[in-house]
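> Following this message is one structure expressed as C-alpha cells.
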Amino acid sequence: MPLVNSDYKPPLIFRSSNIQTILPSLLRKIETIQYQRQRIQTTDGDFIDLDWCLSAADQGSTFLAVLCHGLEGCSDRAYMKGMANAFNARGIDAVAYNYRGCSGESNLHKKFYTAGSTDDLQDVLNSIIKHNHYQTIYLVGFSLGANLVLKYGGEQGINIDPVIKGIAAISAPCDLRSSSVEMLKTKNYIFTLRFLKMLFAKVRDKSKLYPELESIDLKSIKTLKDFDDQITAPLAGFKDAEDYWHKSSCLGFLQALAIPTLILNAADDPILGPECYPYREAQSNDCIFLEVSDWGGHVGFMHRPNQPEYWHERRTVEFLMQSGRNLESWLY
C-alpha cells in the first residue's frame, strides 16, 4: 500500500523527540482504569497474567483489543491505560498482556520474555478465544510489543484465526538489530541505563529461583546488546544477540501479513534505525498501512502531556474499527 498521510502536528514546543518520548511516561496520569486480573497457564507450565478492562457496553462487547507493552513495561504503563481507555470509550473491551515476569512476580521458568515470543502470545490468544465470546479481536503492540504482534501476524499469514481482524503496531522496531544499534549511541545513554536497571532487578529476583544466575557478572553488562548476548539470547535458546535479533525481528515476516495492519512510527523516533521503517514491505503488501509522522518520538504522539486521549490512540482505534471496510480513505 502507499504511505498513509499523517496529520499528527503537535504544538511547536513539543516538536522534540526527547520531549515526546520522556514527558508522557513522567507526567501522564490515568486514574480511571480498574483492571481485573486473570492468570493463565502456558503450554510449558509457566504462567501469564492478563489485566482486563471491560467497556460499559450494556450487553457486553463482542470486540476485544489485546494490548502488548514494550521492553520492561506492564499493564500499569500510561500508554497501556491510555489505549485501553480509548477502546473502552468506543464500546470495545481491552486486555493488557503482561509478559513473563512483568506482572510484579517472577515467572517460574528461567527464560525471560523476548521480542519474538509469539508462542506465549499464542497461548494468550488461545485462552481468550476458548473462554470468551468475542467475535472480533484486535492486536495492538507498543515498541517491543509492536514487533511481537507484527511477527505473530506474519507467522500466521493467511492461517490466522478469523476472529483476529486487525493489527496496530506503534513505534515498531521492525529490525531489532537496527534499533539496538541506535540504543548504543550516546543520545540514548539515559534510556539504556533505565532499561538495564530494571532488567538487572529481574535477574537478581530470578536468581532466588535459579542460583546459577548469580554467577553472571552484571557489572560487565554496559549495554542492552551485552544483556542480550549474556542473558536474553542464551536463556531463550539463541546463540547470541545477533542470532536473537535476526530470528525475532518482524521485518522478515511482514510480507506474509494477511489482515489490515497499521504500522505507526515517528520519523524522529530516537530508538528506531533506518531499517525499522518498512517502506518496501508496505508498498508490496496491500494489507500493510505504514504511517510515518514527522514528530512523535518513541510512543509519544502527544499534544500536551496529560490530555485525556493521545493522537495515536484515536488513530489506532479508528483504523482498527474500519478494518476490512473503507480503508482506502487512509491513503494519500
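Letters A, B, ... go to the chains of the C-alpha cells in the order shown; residues in each chain start at 1; ligands are counted from 1 in the same order.
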Leu26 of chain A: which residues within 12 Å, counting only C-alpha atoms, same-chain residues fewer than 6 positions away excluded, as a PyMOL selection string?
chain A and resi 19-20+77-79+300+305-306
> Dump C-alpha atoms for the selected residues as a PDB file, in the first residue's frame?

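Output saved as result_3.pdb:
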ATOM      1  CA  ILE A  19      10.199  15.562  24.993  1.00  0.00           C
ATOM      2  CA  GLN A  20       7.745  13.292  23.192  1.00  0.00           C
ATOM      3  CA  ARG A  77       2.106   1.972  31.947  1.00  0.00           C
ATOM      4  CA  ALA A  78       0.258   5.119  30.941  1.00  0.00           C
ATOM      5  CA  TYR A  79       0.398   4.214  27.258  1.00  0.00           C
ATOM      6  CA  GLY A 300       4.789   9.721  22.350  1.00  0.00           C
ATOM      7  CA  PRO A 305       1.271  15.553  28.492  1.00  0.00           C
ATOM      8  CA  ASN A 306      -1.931  14.920  30.424  1.00  0.00           C
TER       9      ASN A 306
END
> Quick one: residues within 7 Å of segment 201-212 of chain A, only C-alpha atoms counted, chain neighbours fewer than 3 positions away excluded, as a ChimeraX atom specification?
/A:106,110,197-198,215
> Restricted to C-alpha atoms, what would the selected residues look like written as a PDB file, in the first residue's frame?

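So the final result, stored in selection_6.pdb, reads:
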ATOM      1  CA  SER A 106       8.956 -13.513  38.706  1.00  0.00           C
ATOM      2  CA  LYS A 110      14.494 -19.449  33.805  1.00  0.00           C
ATOM      3  CA  LYS A 197      18.421  -1.047  35.968  1.00  0.00           C
ATOM      4  CA  MET A 198      15.026  -2.728  35.594  1.00  0.00           C
ATOM      5  CA  SER A 215      27.330 -16.177  38.578  1.00  0.00           C
TER       6      SER A 215
END
> Go through A:Cys174, A:Leu12, A:Ile40, A:Leu50 one by one, measure the shortest atom-to-atom distance of each to Ser127 of chain A using only C-alpha atoms, and give the residue with the smallest value.
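Of A:Cys174, A:Leu12, A:Ile40, A:Leu50, the one nearest Ser127 of chain A is A:Ile40, counting only C-alpha atoms.
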> For the interface of segment 129-157 of chain A with segment 245-260 of chain A (cut-off 9 Å, counting only C-alpha atoms), please tabulate each contacting residue of segment 129-157 of chain A alongside its nearest pair of atoms and their separation in Å to one decimal, rows sorted by chain and increasing number, as a Markdown table.

| residue | atom | partner | partner_atom | distance |
| --- | --- | --- | --- | --- |
| A:Ala146 | CA | A:Cys250 | CA | 8.9 |
| A:Asn147 | CA | A:Cys250 | CA | 5.5 |
| A:Leu148 | CA | A:Cys250 | CA | 7.2 |
| A:Val149 | CA | A:Cys250 | CA | 8.5 |
| A:Leu150 | CA | A:Cys250 | CA | 5.8 |
| A:Lys151 | CA | A:Cys250 | CA | 4.3 |
| A:Tyr152 | CA | A:Cys250 | CA | 8.1 |
| A:Gly153 | CA | A:Leu257 | CA | 5.7 |
| A:Gly154 | CA | A:Leu257 | CA | 4.5 |
| A:Glu155 | CA | A:Phe253 | CA | 6.3 |
| A:Gln156 | CA | A:Leu257 | CA | 7.8 |
| A:Gly157 | CA | A:Ala256 | CA | 5.0 |
> For the selection just defined, write its residues with N, CA, C and O atoms to a file, as a compact mmCIF listing (two decimals), in the first residue's frame.

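Result file follows (again38.txt):
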# COMPACT_ATOMS: atom_id res chain seq x y z
N ALA A 146 5.13 -4.10 19.61
CA ALA A 146 4.78 -3.87 18.22
C ALA A 146 5.47 -4.89 17.32
O ALA A 146 4.87 -5.45 16.40
N ASN A 147 6.76 -5.13 17.59
CA ASN A 147 7.47 -6.18 16.84
C ASN A 147 6.80 -7.53 17.06
O ASN A 147 6.64 -8.32 16.13
N LEU A 148 6.37 -7.78 18.29
CA LEU A 148 5.75 -9.05 18.64
C LEU A 148 4.47 -9.31 17.84
O LEU A 148 4.30 -10.39 17.25
N VAL A 149 3.56 -8.32 17.80
CA VAL A 149 2.29 -8.56 17.11
C VAL A 149 2.49 -8.63 15.59
O VAL A 149 1.78 -9.38 14.91
N LEU A 150 3.45 -7.88 15.06
CA LEU A 150 3.72 -7.96 13.62
C LEU A 150 4.33 -9.31 13.25
O LEU A 150 3.97 -9.91 12.23
N LYS A 151 5.25 -9.78 14.06
CA LYS A 151 5.85 -11.10 13.81
C LYS A 151 4.78 -12.18 13.89
O LYS A 151 4.73 -13.09 13.05
N TYR A 152 3.93 -12.09 14.89
CA TYR A 152 2.85 -13.07 15.03
C TYR A 152 1.94 -13.07 13.80
O TYR A 152 1.63 -14.14 13.24
N GLY A 153 1.51 -11.88 13.39
CA GLY A 153 0.64 -11.80 12.22
C GLY A 153 1.28 -12.37 10.97
O GLY A 153 0.64 -13.05 10.18
N GLY A 154 2.59 -12.10 10.80
CA GLY A 154 3.30 -12.63 9.64
C GLY A 154 3.48 -14.13 9.71
O GLY A 154 3.37 -14.83 8.70
N GLU A 155 3.78 -14.65 10.90
CA GLU A 155 3.92 -16.10 11.06
C GLU A 155 2.62 -16.82 10.72
O GLU A 155 2.64 -17.88 10.09
N GLN A 156 1.52 -16.25 11.14
CA GLN A 156 0.22 -16.89 10.91
C GLN A 156 -0.23 -16.74 9.46
O GLN A 156 -0.85 -17.63 8.89
N GLY A 157 0.07 -15.58 8.86
CA GLY A 157 -0.29 -15.36 7.46
C GLY A 157 -1.76 -15.55 7.19
O GLY A 157 -2.62 -15.11 7.96
> Name the residues in contact with Ser17 of chain A at a cut-off of 9 Å, using only C-alpha atoms, excluding same-chain residues fewer than 6 positions from it; report them as number ranges by chain.
A: 266, 268-270, 295-298, 300
> Do a neighbour search on Leu290 of chain A at 10 Å with only C-alpha atoms, toss out local chain neighbours closer than 2 positions, and write the hits as a PyMOL selection string.
chain A and resi 1-6+169+261-265+277-279+281-283+287-288+292-293+331
> Counting only C-alpha atoms, which of A:Val140, A:Cys53, A:Ala168, A:Ile48 gets nearest to Glu291 of chain A?
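Going through A:Val140, A:Cys53, A:Ala168, A:Ile48 one by one, the smallest distance to Glu291 of chain A is for A:Ala168.
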> Between atom CA of Ala86 of chain A and atom CA of Glu313 of chain A, what is the spacing in Å?
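Atom-to-atom, atom CA of Glu313 of chain A to atom CA of Ala86 of chain A, that is 6.2 Å.
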